[in-house]
file start15.pdb (PDB, C-alpha atoms and all ligand atoms)
ATOM      1  CA  MET A   1     -52.229 -30.502 -48.934
ATOM      2  CA  ALA A   2     -54.216 -30.842 -52.178
ATOM      3  CA  GLY A   3     -56.767 -33.649 -52.102
ATOM      4  CA  ASN A   4     -56.347 -34.131 -48.384
ATOM      5  CA  SER A   5     -59.122 -32.777 -46.200
ATOM      6  CA  THR A   6     -57.359 -33.512 -42.898
ATOM      7  CA  LEU A   7     -56.045 -30.361 -41.266
ATOM      8  CA  THR A   8     -52.452 -30.771 -40.162
ATOM      9  CA  SER A   9     -50.268 -28.932 -37.695
ATOM     10  CA  VAL A  10     -46.768 -28.415 -36.358
ATOM     11  CA  GLU A  11     -46.196 -27.265 -32.800
ATOM     12  CA  LEU A  12     -43.068 -25.737 -31.290
ATOM     13  CA  PHE A  13     -42.252 -25.687 -27.566
ATOM     14  CA  THR A  14     -44.869 -28.354 -26.918
ATOM     15  CA  GLY A  15     -44.079 -28.952 -23.247
ATOM     16  CA  ALA A  16     -46.158 -31.878 -22.024
ATOM     17  CA  GLY A  17     -48.775 -31.179 -24.677
ATOM     18  CA  GLY A  18     -51.496 -28.964 -23.186
ATOM     19  CA  LEU A  19     -51.961 -26.739 -26.235
ATOM     20  CA  ALA A  20     -51.288 -29.715 -28.516
ATOM     21  CA  LEU A  21     -54.182 -31.645 -26.948
ATOM     22  CA  GLY A  22     -56.531 -28.711 -27.527
ATOM     23  CA  ILE A  23     -55.444 -28.433 -31.153
ATOM     24  CA  ALA A  24     -55.921 -32.194 -31.657
ATOM     25  CA  ALA A  25     -59.392 -31.896 -30.068
ATOM     26  CA  SER A  26     -60.182 -29.187 -32.648
ATOM     27  CA  GLY A  27     -59.654 -31.743 -35.402
ATOM     28  CA  PHE A  28     -56.021 -31.199 -36.380
ATOM     29  CA  GLU A  29     -53.588 -34.050 -36.957
ATOM     30  CA  HIS A  30     -50.203 -33.130 -35.598
ATOM     31  CA  ARG A  31     -47.313 -33.852 -37.945
ATOM     32  CA  LEU A  32     -44.605 -32.600 -35.604
ATOM     33  CA  LEU A  33     -44.329 -31.809 -31.902
ATOM     34  CA  LEU A  34     -41.000 -30.174 -31.046
ATOM     35  CA  GLU A  35     -39.664 -29.894 -27.502
ATOM     36  CA  TYR A  36     -36.193 -30.122 -25.961
ATOM     37  CA  ASN A  37     -37.064 -31.201 -22.414
ATOM     38  CA  LYS A  38     -36.612 -34.972 -22.192
ATOM     39  CA  HIS A  39     -39.248 -35.465 -19.478
ATOM     40  CA  ALA A  40     -41.845 -33.508 -21.455
ATOM     41  CA  CYS A  41     -40.958 -35.563 -24.541
ATOM     42  CA  ALA A  42     -41.377 -38.807 -22.548
ATOM     43  CA  THR A  43     -44.873 -37.629 -21.590
ATOM     44  CA  LEU A  44     -45.657 -36.805 -25.229
ATOM     45  CA  ARG A  45     -44.460 -40.251 -26.349
ATOM     46  CA  GLU A  46     -46.485 -41.938 -23.612
ATOM     47  CA  ASN A  47     -49.585 -40.174 -24.957
ATOM     48  CA  ARG A  48     -48.663 -40.430 -28.625
ATOM     49  CA  ALA A  49     -52.098 -41.794 -29.575
ATOM     50  CA  ALA A  50     -53.729 -38.497 -28.581
ATOM     51  CA  PHE A  51     -51.710 -36.527 -31.146
ATOM     52  CA  GLY A  52     -52.339 -38.518 -34.338
ATOM     53  CA  VAL A  53     -50.749 -41.534 -35.993
ATOM     54  CA  ASN A  54     -48.475 -39.536 -38.267
ATOM     55  CA  CYS A  55     -47.033 -37.332 -35.550
ATOM     56  CA  GLN A  56     -43.260 -37.052 -35.157
ATOM     57  CA  ILE A  57     -42.052 -36.122 -31.674
ATOM     58  CA  TYR A  58     -38.733 -34.328 -32.053
ATOM     59  CA  GLU A  59     -36.625 -33.993 -28.917
ATOM     60  CA  GLY A  60     -34.139 -31.211 -29.551
ATOM     61  CA  ASP A  61     -33.357 -27.529 -29.863
ATOM     62  CA  VAL A  62     -35.674 -25.557 -32.118
ATOM     63  CA  ALA A  63     -32.667 -23.661 -33.522
ATOM     64  CA  SER A  64     -31.326 -26.767 -35.264
ATOM     65  CA  PHE A  65     -34.580 -27.846 -36.899
ATOM     66  CA  ASP A  66     -35.210 -27.486 -40.636
ATOM     67  CA  PHE A  67     -38.908 -26.578 -40.942
ATOM     68  CA  THR A  68     -38.903 -26.753 -44.751
ATOM     69  CA  LEU A  69     -39.416 -30.494 -44.140
ATOM     70  CA  PHE A  70     -42.951 -29.574 -43.054
ATOM     71  CA  ALA A  71     -43.704 -26.947 -45.697
ATOM     72  CA  GLY A  72     -47.417 -26.787 -46.498
ATOM     73  CA  VAL A  73     -48.729 -27.967 -43.140
ATOM     74  CA  ASP A  74     -51.933 -26.058 -42.335
ATOM     75  CA  LEU A  75     -51.230 -24.722 -38.850
ATOM     76  CA  LEU A  76     -48.144 -23.637 -36.923
ATOM     77  CA  ALA A  77     -48.676 -23.375 -33.168
ATOM     78  CA  ALA A  78     -46.133 -22.157 -30.637
ATOM     79  CA  GLY A  79     -46.281 -21.659 -26.897
ATOM     80  CA  ALA A  80     -43.023 -19.705 -26.914
ATOM     81  CA  PRO A  81     -41.100 -19.826 -23.592
ATOM     82  CA  CYS A  82     -42.675 -17.304 -21.272
ATOM     83  CA  GLN A  83     -39.994 -16.732 -18.596
ATOM     84  CA  PRO A  84     -38.603 -13.659 -20.378
ATOM     85  CA  PHE A  85     -42.049 -12.017 -20.146
ATOM     86  CA  SER A  86     -43.755 -13.354 -17.028
ATOM     87  CA  ILE A  87     -44.343 -11.050 -14.058
ATOM     88  CA  GLY A  88     -42.433 -13.478 -11.835
ATOM     89  CA  GLY A  89     -39.295 -13.567 -14.005
ATOM     90  CA  LYS A  90     -36.300 -11.277 -14.269
ATOM     91  CA  HIS A  91     -38.085  -9.178 -16.942
ATOM     92  CA  LYS A  92     -35.246  -9.262 -19.451
ATOM     93  CA  ALA A  93     -37.952  -9.864 -22.052
ATOM     94  CA  HIS A  94     -36.771  -9.599 -25.646
ATOM     95  CA  SER A  95     -33.091  -9.393 -24.657
ATOM     96  CA  ASP A  96     -33.373 -12.695 -22.760
ATOM     97  CA  GLU A  97     -31.685 -15.562 -24.605
ATOM     98  CA  ARG A  98     -34.894 -17.530 -24.024
ATOM     99  CA  ASN A  99     -36.770 -15.125 -26.285
ATOM    100  CA  LEU A 100     -37.408 -17.619 -29.053
ATOM    101  CA  PHE A 101     -39.838 -15.549 -31.107
ATOM    102  CA  PRO A 102     -37.260 -15.306 -33.921
ATOM    103  CA  GLN A 103     -37.490 -19.099 -34.225
ATOM    104  CA  VAL A 104     -41.284 -18.894 -34.471
ATOM    105  CA  PHE A 105     -40.954 -16.406 -37.321
ATOM    106  CA  ARG A 106     -38.383 -18.637 -39.062
ATOM    107  CA  ALA A 107     -40.745 -21.636 -38.775
ATOM    108  CA  GLN A 108     -43.556 -19.515 -40.238
ATOM    109  CA  ARG A 109     -41.372 -18.508 -43.214
ATOM    110  CA  GLU A 110     -40.221 -22.065 -43.847
ATOM    111  CA  ILE A 111     -43.632 -23.758 -43.463
ATOM    112  CA  ARG A 112     -45.859 -21.023 -44.887
ATOM    113  CA  PRO A 113     -48.878 -22.411 -43.004
ATOM    114  CA  LYS A 114     -52.438 -21.238 -43.547
ATOM    115  CA  ALA A 115     -52.607 -20.105 -39.924
ATOM    116  CA  VAL A 116     -50.325 -19.461 -36.954
ATOM    117  CA  ILE A 117     -51.222 -19.474 -33.252
ATOM    118  CA  VAL A 118     -48.729 -18.037 -30.785
ATOM    119  CA  GLU A 119     -49.519 -18.156 -27.087
ATOM    120  CA  ASN A 120     -47.796 -16.369 -24.228
ATOM    121  CA  VAL A 121     -48.254 -15.023 -20.709
ATOM    122  CA  LYS A 122     -50.322 -11.958 -19.857
ATOM    123  CA  GLY A 123     -47.125 -10.177 -18.743
ATOM    124  CA  LEU A 124     -46.315  -9.651 -22.413
ATOM    125  CA  LEU A 125     -49.100  -7.044 -22.506
ATOM    126  CA  ARG A 126     -47.565  -4.676 -19.986
ATOM    127  CA  GLU A 127     -46.990  -1.133 -21.206
ATOM    128  CA  SER A 128     -43.189  -1.398 -21.267
ATOM    129  CA  LEU A 129     -43.437  -4.209 -23.851
ATOM    130  CA  SER A 130     -45.994  -2.546 -26.134
ATOM    131  CA  ASN A 131     -43.472  -1.921 -28.920
ATOM    132  CA  PHE A 132     -42.315  -5.523 -28.705
ATOM    133  CA  VAL A 133     -45.914  -6.756 -29.003
ATOM    134  CA  GLU A 134     -46.394  -4.481 -32.010
ATOM    135  CA  PHE A 135     -43.243  -6.028 -33.483
ATOM    136  CA  ILE A 136     -44.633  -9.559 -32.931
ATOM    137  CA  GLU A 137     -47.917  -8.657 -34.630
ATOM    138  CA  LEU A 138     -46.221  -6.944 -37.565
ATOM    139  CA  GLN A 139     -43.590  -9.649 -38.051
ATOM    140  CA  LEU A 140     -46.323 -12.323 -38.092
ATOM    141  CA  ALA A 141     -48.238 -10.206 -40.605
ATOM    142  CA  HIS A 142     -45.214  -9.634 -42.881
ATOM    143  CA  PRO A 143     -43.029 -12.764 -42.632
ATOM    144  CA  THR A 144     -40.891 -11.947 -45.681
ATOM    145  CA  VAL A 145     -39.903  -8.501 -44.384
ATOM    146  CA  LEU A 146     -36.718  -9.630 -42.693
ATOM    147  CA  PRO A 147     -34.498  -7.932 -40.117
ATOM    148  CA  ALA A 148     -30.764  -7.668 -40.772
ATOM    149  CA  ASP A 149     -30.130 -10.817 -38.709
ATOM    150  CA  PRO A 150     -33.362 -12.859 -38.432
ATOM    151  CA  ARG A 151     -31.950 -14.967 -35.569
ATOM    152  CA  ASP A 152     -30.969 -12.017 -33.383
ATOM    153  CA  PRO A 153     -33.469 -11.650 -30.484
ATOM    154  CA  GLU A 154     -32.317  -8.033 -30.028
ATOM    155  CA  GLY A 155     -32.626  -6.890 -33.644
ATOM    156  CA  TRP A 156     -36.388  -6.295 -33.363
ATOM    157  CA  GLU A 157     -36.238  -2.636 -32.345
ATOM    158  CA  ALA A 158     -34.182  -1.556 -35.329
ATOM    159  CA  HIS A 159     -36.525  -3.589 -37.533
ATOM    160  CA  LEU A 160     -39.788  -2.097 -36.220
ATOM    161  CA  PRO A 161     -39.830   1.003 -38.493
ATOM    162  CA  THR A 162     -39.380  -1.253 -41.557
ATOM    163  CA  LEU A 163     -42.310  -3.389 -40.415
ATOM    164  CA  ARG A 164     -44.444  -0.291 -39.863
ATOM    165  CA  ALA A 165     -43.643   0.793 -43.425
ATOM    166  CA  ALA A 166     -44.662  -2.701 -44.602
ATOM    167  CA  ARG A 167     -47.976  -2.345 -42.763
ATOM    168  CA  ASP A 168     -48.516   1.037 -44.428
ATOM    169  CA  GLY A 169     -48.250  -0.469 -47.896
ATOM    170  CA  GLY A 170     -44.581  -1.266 -48.351
ATOM    171  CA  ASP A 171     -44.998  -5.058 -48.369
ATOM    172  CA  ARG A 172     -45.502  -6.207 -51.979
ATOM    173  CA  SER A 173     -45.231  -9.925 -51.148
ATOM    174  CA  PRO A 174     -48.372 -12.045 -51.590
ATOM    175  CA  PHE A 175     -47.202 -14.019 -48.526
ATOM    176  CA  ARG A 176     -48.837 -11.922 -45.799
ATOM    177  CA  TYR A 177     -51.096 -12.598 -42.816
ATOM    178  CA  VAL A 178     -54.002 -10.927 -41.012
ATOM    179  CA  VAL A 179     -53.168 -10.929 -37.301
ATOM    180  CA  LYS A 180     -55.440 -10.626 -34.288
ATOM    181  CA  LYS A 181     -54.559 -10.862 -30.633
ATOM    182  CA  THR A 182     -56.694 -11.517 -27.595
ATOM    183  CA  LEU A 183     -56.345 -12.196 -23.879
ATOM    184  CA  LEU A 184     -58.198 -15.279 -22.650
ATOM    185  CA  ASN A 185     -58.680 -16.631 -19.140
ATOM    186  CA  SER A 186     -59.053 -20.415 -18.851
ATOM    187  CA  ALA A 187     -61.455 -19.960 -15.901
ATOM    188  CA  ASN A 188     -63.924 -18.311 -18.299
ATOM    189  CA  PHE A 189     -64.042 -21.544 -20.299
ATOM    190  CA  GLY A 190     -64.766 -23.979 -17.491
ATOM    191  CA  VAL A 191     -61.206 -24.829 -16.482
ATOM    192  CA  PRO A 192     -60.896 -24.879 -12.682
ATOM    193  CA  GLN A 193     -57.868 -22.576 -12.792
ATOM    194  CA  ARG A 194     -57.310 -18.887 -13.399
ATOM    195  CA  ARG A 195     -54.750 -18.796 -16.195
ATOM    196  CA  GLU A 196     -54.581 -15.734 -18.420
ATOM    197  CA  ARG A 197     -52.829 -16.048 -21.743
ATOM    198  CA  VAL A 198     -52.421 -13.788 -24.752
ATOM    199  CA  PHE A 199     -53.067 -15.434 -28.126
ATOM    200  CA  PHE A 200     -51.879 -14.109 -31.472
ATOM    201  CA  VAL A 201     -53.795 -15.681 -34.352
ATOM    202  CA  ALA A 202     -52.494 -15.056 -37.867
ATOM    203  CA  ILE A 203     -54.446 -16.156 -40.964
ATOM    204  CA  ARG A 204     -52.698 -16.153 -44.337
ATOM    205  CA  ALA A 205     -54.089 -13.291 -46.420
ATOM    206  CA  ASP A 206     -54.982 -15.468 -49.422
ATOM    207  CA  ILE A 207     -57.170 -17.742 -47.246
ATOM    208  CA  ASP A 208     -60.883 -17.050 -47.333
ATOM    209  CA  GLY A 209     -61.341 -17.174 -43.582
ATOM    210  CA  ASP A 210     -61.561 -15.091 -40.475
ATOM    211  CA  TRP A 211     -61.079 -15.694 -36.773
ATOM    212  CA  THR A 212     -62.916 -14.151 -33.871
ATOM    213  CA  PRO A 213     -62.004 -14.858 -30.247
ATOM    214  CA  PRO A 214     -64.258 -17.431 -28.546
ATOM    215  CA  ARG A 215     -66.950 -16.070 -26.241
ATOM    216  CA  PRO A 216     -66.567 -17.039 -22.583
ATOM    217  CA  THR A 217     -68.763 -19.959 -21.577
ATOM    218  CA  HIS A 218     -68.286 -19.414 -17.838
ATOM    219  CA  SER A 219     -68.049 -16.294 -15.667
ATOM    220  CA  GLU A 220     -67.769 -15.231 -12.031
ATOM    221  CA  ALA A 221     -71.007 -13.214 -12.374
ATOM    222  CA  ALA A 222     -72.872 -16.310 -13.598
ATOM    223  CA  LEU A 223     -71.432 -18.324 -10.710
ATOM    224  CA  ARG A 224     -72.662 -15.747  -8.157
ATOM    225  CA  VAL A 225     -76.152 -15.774  -9.638
ATOM    226  CA  ALA A 226     -76.203 -19.576  -9.616
ATOM    227  CA  MET A 227     -74.908 -19.764  -6.035
ATOM    228  CA  ASP A 228     -76.724 -16.856  -4.350
ATOM    229  CA  ALA A 229     -79.706 -15.752  -6.428
ATOM    230  CA  THR A 230     -81.153 -18.886  -8.002
ATOM    231  CA  ALA A 231     -79.265 -21.463  -5.906
ATOM    232  CA  ASP A 232     -79.160 -23.588  -9.081
ATOM    233  CA  TYR A 233     -75.504 -24.227  -8.375
ATOM    234  CA  TRP A 234     -76.436 -26.387  -5.392
ATOM    235  CA  THR A 235     -79.307 -28.288  -6.954
ATOM    236  CA  SER A 236     -79.041 -28.397 -10.727
ATOM    237  CA  THR A 237     -76.981 -30.413 -13.153
ATOM    238  CA  ALA A 238     -78.216 -28.320 -16.076
ATOM    239  CA  SER A 239     -75.823 -25.938 -17.743
ATOM    240  CA  SER A 240     -76.529 -22.945 -19.883
ATOM    241  CA  GLU A 241     -74.530 -20.309 -21.737
ATOM    242  CA  GLY A 242     -72.570 -18.301 -19.201
ATOM    243  CA  ALA A 243     -73.425 -20.579 -16.308
ATOM    244  CA  ILE A 244     -71.233 -22.825 -14.261
ATOM    245  CA  GLN A 245     -71.918 -26.483 -14.791
ATOM    246  CA  SER A 246     -72.432 -28.114 -11.423
ATOM    247  CA  SER A 247     -73.364 -31.471 -10.056
ATOM    248  CA  LYS A 248     -75.796 -32.256  -7.291
ATOM    249  CA  PRO A 249     -74.137 -32.670  -3.889
ATOM    250  CA  ARG A 250     -73.561 -36.378  -3.304
ATOM    251  CA  GLN A 251     -76.276 -37.886  -1.091
ATOM    252  CA  VAL A 252     -74.956 -39.891   1.822
ATOM    253  CA  ALA A 253     -77.284 -42.761   2.646
ATOM    254  CA  ALA A 254     -78.517 -42.747   6.245
ATOM    255  CA  GLY A 255     -76.785 -45.330   8.306
ATOM    256  CA  SER A 256     -73.864 -45.784   5.931
ATOM    257  CA  GLY A 257     -70.392 -45.576   7.388
TER     258      GLY A 257
HETATM  259  C1  LIG B 301     -44.306 -22.229 -22.104
HETATM  260  S1  LIG B 301     -43.750 -23.854 -22.292
HETATM  261  C2  LIG B 301     -44.897 -24.503 -23.435
HETATM  262  C3  LIG B 301     -46.152 -25.037 -22.808
HETATM  263  C4  LIG B 301     -47.032 -25.822 -23.749
HETATM  264  N1  LIG B 301     -47.442 -25.034 -24.899
HETATM  265  C5  LIG B 301     -48.258 -26.379 -23.019
HETATM  266  O1  LIG B 301     -49.370 -26.212 -23.500
HETATM  267  O2  LIG B 301     -48.064 -27.009 -21.980
HETATM  268  C6  LIG B 301     -42.312 -23.640 -23.274
HETATM  269  C7  LIG B 301     -41.580 -24.925 -23.635
HETATM  270  O3  LIG B 301     -40.518 -24.618 -24.529
HETATM  271  C8  LIG B 301     -39.477 -25.534 -24.304
HETATM  272  N2  LIG B 301     -38.241 -24.967 -24.869
HETATM  273  C9  LIG B 301     -37.542 -23.900 -24.384
HETATM  274  N3  LIG B 301     -36.478 -23.633 -25.160
HETATM  275  C10 LIG B 301     -36.519 -24.534 -26.190
HETATM  276  C11 LIG B 301     -35.681 -24.764 -27.329
HETATM  277  N4  LIG B 301     -34.586 -24.002 -27.552
HETATM  278  N5  LIG B 301     -36.009 -25.766 -28.160
HETATM  279  C12 LIG B 301     -37.094 -26.538 -27.932
HETATM  280  N6  LIG B 301     -37.922 -26.389 -26.873
HETATM  281  C13 LIG B 301     -37.641 -25.393 -26.009
HETATM  282  C14 LIG B 301     -39.459 -25.695 -22.786
HETATM  283  O4  LIG B 301     -38.830 -26.917 -22.405
HETATM  284  C15 LIG B 301     -40.948 -25.643 -22.438
HETATM  285  O5  LIG B 301     -41.497 -26.934 -22.329
END
call {"tool": "encode", "arguments": {"input": "start15.pdb", "output": "structure tokens", "more": "lines below"}}
Ligand SMILES: C[S@@+](CC[C@H](N)C(=O)[O-])C[C@H]1O[C@@H](n2cnc3c(N)ncnc32)[C@H](O)[C@@H]1O
result
Amino acid sequence: MAGNSTLTSVELFTGAGGLALGIAASGFEHRLLLEYNKHACATLRENRAAFGVNCQIYEGDVASFDFTLFAGVDLLAAGAPCQPFSIGGKHKAHSDERNLFPQVFRAQREIRPKAVIVENVKGLLRESLSNFVEFIELQLAHPTVLPADPRDPEGWEAHLPTLRAARDGGDRSPFRYVVKKTLLNSANFGVPQRRERVFFVAIRADIDGDWTPPRPTHSEAALRVAMDATADYWTSTASSEGAIQSSKPRQVAAGSG
């Protein structure tokens, strides 16, 4: 992207574009939004203007996409399908054919972006999946350390010792990433919904940059203080760090119907 100061991104599993909107709001121009659900794609096309003028909306299976076409894009984002990992699902996790993490890793290898964001449900953090989460972190960190069959969703376990050796100094490739993960709750950022998601953020090791998780702007404790202790919640429109932004109750004019 030499000579071009616009940050660009590719997103997999875009759905109707929730994460994609947030990334666009952060200043990125999407180059590609990939999704195979036709209704979600219709929504993306309807809102094309929100994603950037040069954005291609690809309706199709991730497995058949050649990501080398987007090599050099700054950011790869992926809200990988969460049914294999969610508490409500059948818990087949990594052996579920909807485990599309191998496709995320392939996209990372083919694009070689400066940063990768992978988002998934909180259920991924349960104890029984801890080795799988370690595998995700290590595979993001060492993209060129390949399993025997990179497309096999079940090959991860056999590959984990190799990745651990890579972490301990066995990866000589300059193409490596620093990976952090964090659990965020949308309600702590002013969204009127409790939605907990785990985020993996990988920054390419040659990039002079770091990432720290955002600090919550809203909290239940702050809401209680504003409602019960100061009563600001009921009277104030002011907001402050850690407080809930509220609006004055609507006045109803006497005598109006
Ligand atoms: C968890 S949702 C993504 C939600 C999205 N990130 C958002 O912010 O709304 C996963 C998406 O992956 C899509 N998907 C599942 N398998 C796919 C495949 N093989 N190729 C492309 N898209 C796929 C689903 O249709 C679904 O919209």
call {"tool": "closest_residue", "arguments": {"input": "start15.pdb", "among": "A:Leu7, A:Ala77, A:Val133, A:Ala42", "to": "ligand LIG 301 (chain B)", "atoms": "all atoms listed in the file"}}
result
A:Ala77
call {"tool": "residues_near_ligand", "arguments": {"input": "start15.pdb", "ligand": "ligand LIG 301 (chain B)", "cutoff": "8 Å", "atoms": "all atoms listed in the file", "output": "list in words"}}
result
Leu12, Phe13, Thr14, Gly15, Ala16, Gly17, Gly18, Leu19, Ala20, Leu34, Glu35, Tyr36, Asn37, Ala40, Glu59, Gly60, Asp61, Val62, Ala63, Ala78, Gly79, Ala80, Pro81, Cys82, Gln83, Arg98, Leu100, Glu119 and Asn120 of chain A
call {"tool": "resolve_selection", "arguments": {"input": "start15.pdb", "expression": "the PyMOL selection byres (((chain A and resi 74) around 10) and not hetatm)", "output": "VMD selection string"}}
result
chain A and resid 1 6 to 10 28 to 30 70 to 73 75 to 76 111 to 116
call {"tool": "residues_around", "arguments": {"input": "start15.pdb", "residues": "Arg48 (chain A)", "least_positions_apart": "4", "cutoff": "12 Å", "atoms": "all atoms listed in the file", "output": "JSON, numbers by chain"}}
result
{"A": [16, 17, 20, 21, 24, 29, 30, 31, 32, 33, 41, 42, 43, 44, 52, 53, 54, 55, 56, 57]}
call {"tool": "residues_around", "arguments": {"input": "start15.pdb", "residues": "Gly190 (chain A)", "least_positions_apart": "3", "cutoff": "8 Å", "atoms": "all atoms listed in the file", "output": "mmCIF file with C-alpha atoms, in the coordinates of the input"}}
result
data_model
loop_
_atom_site.group_PDB
_atom_site.id
_atom_site.type_symbol
_atom_site.label_atom_id
_atom_site.label_comp_id
_atom_site.auth_asym_id
_atom_site.auth_seq_id
_atom_site.Cartn_x
_atom_site.Cartn_y
_atom_site.Cartn_z
ATOM 1 C CA SER A 186 -59.053 -20.415 -18.851
ATOM 2 C CA ALA A 187 -61.455 -19.960 -15.901
ATOM 3 C CA THR A 217 -68.763 -19.959 -21.577
ATOM 4 C CA HIS A 218 -68.286 -19.414 -17.838
ATOM 5 C CA ILE A 244 -71.233 -22.825 -14.261
#
call {"tool": "resolve_selection", "arguments": {"input": "start15.pdb", "expression": "the PyMOL selection byres (((chain A and resi 216) around 8) and not hetatm)", "output": "PyMOL selection string"}}
result
chain A and resi 188-189+214-215+217-219+242
call {"tool": "resolve_selection", "arguments": {"input": "start15.pdb", "expression": "the PyMOL selection byres (((chain A and resi 137-146) around 10) and not hetatm)", "output": "PyMOL selection string"}}
result
chain A and resi 101-102+104-110+112+116-118+131-136+147-150+156+159-160+162-164+166-167+170-181+200-205
call {"tool": "atom_distance", "arguments": {"input": "start15.pdb", "atom1": "CA of Ala222 (chain A)", "atom2": "CA of Leu124 (chain A)"}}
result
28.8 Å
call {"tool": "atom_distance", "arguments": {"input": "start15.pdb", "atom1": "CA of Arg45 (chain A)", "atom2": "CA of Ser64 (chain A)"}}
result
20.8 Å
call {"tool": "atom_distance", "arguments": {"input": "start15.pdb", "atom1": "CA of Leu223 (chain A)", "atom2": "CA of Thr235 (chain A)"}}
result
13.2 Å
call {"tool": "closest_residue", "arguments": {"input": "start15.pdb", "among": "A:Pro153, A:Gly123, A:Pro161, A:Gly209", "to": "Leu183 (chain A)", "atoms": "all atoms listed in the file"}}
result
A:Gly123
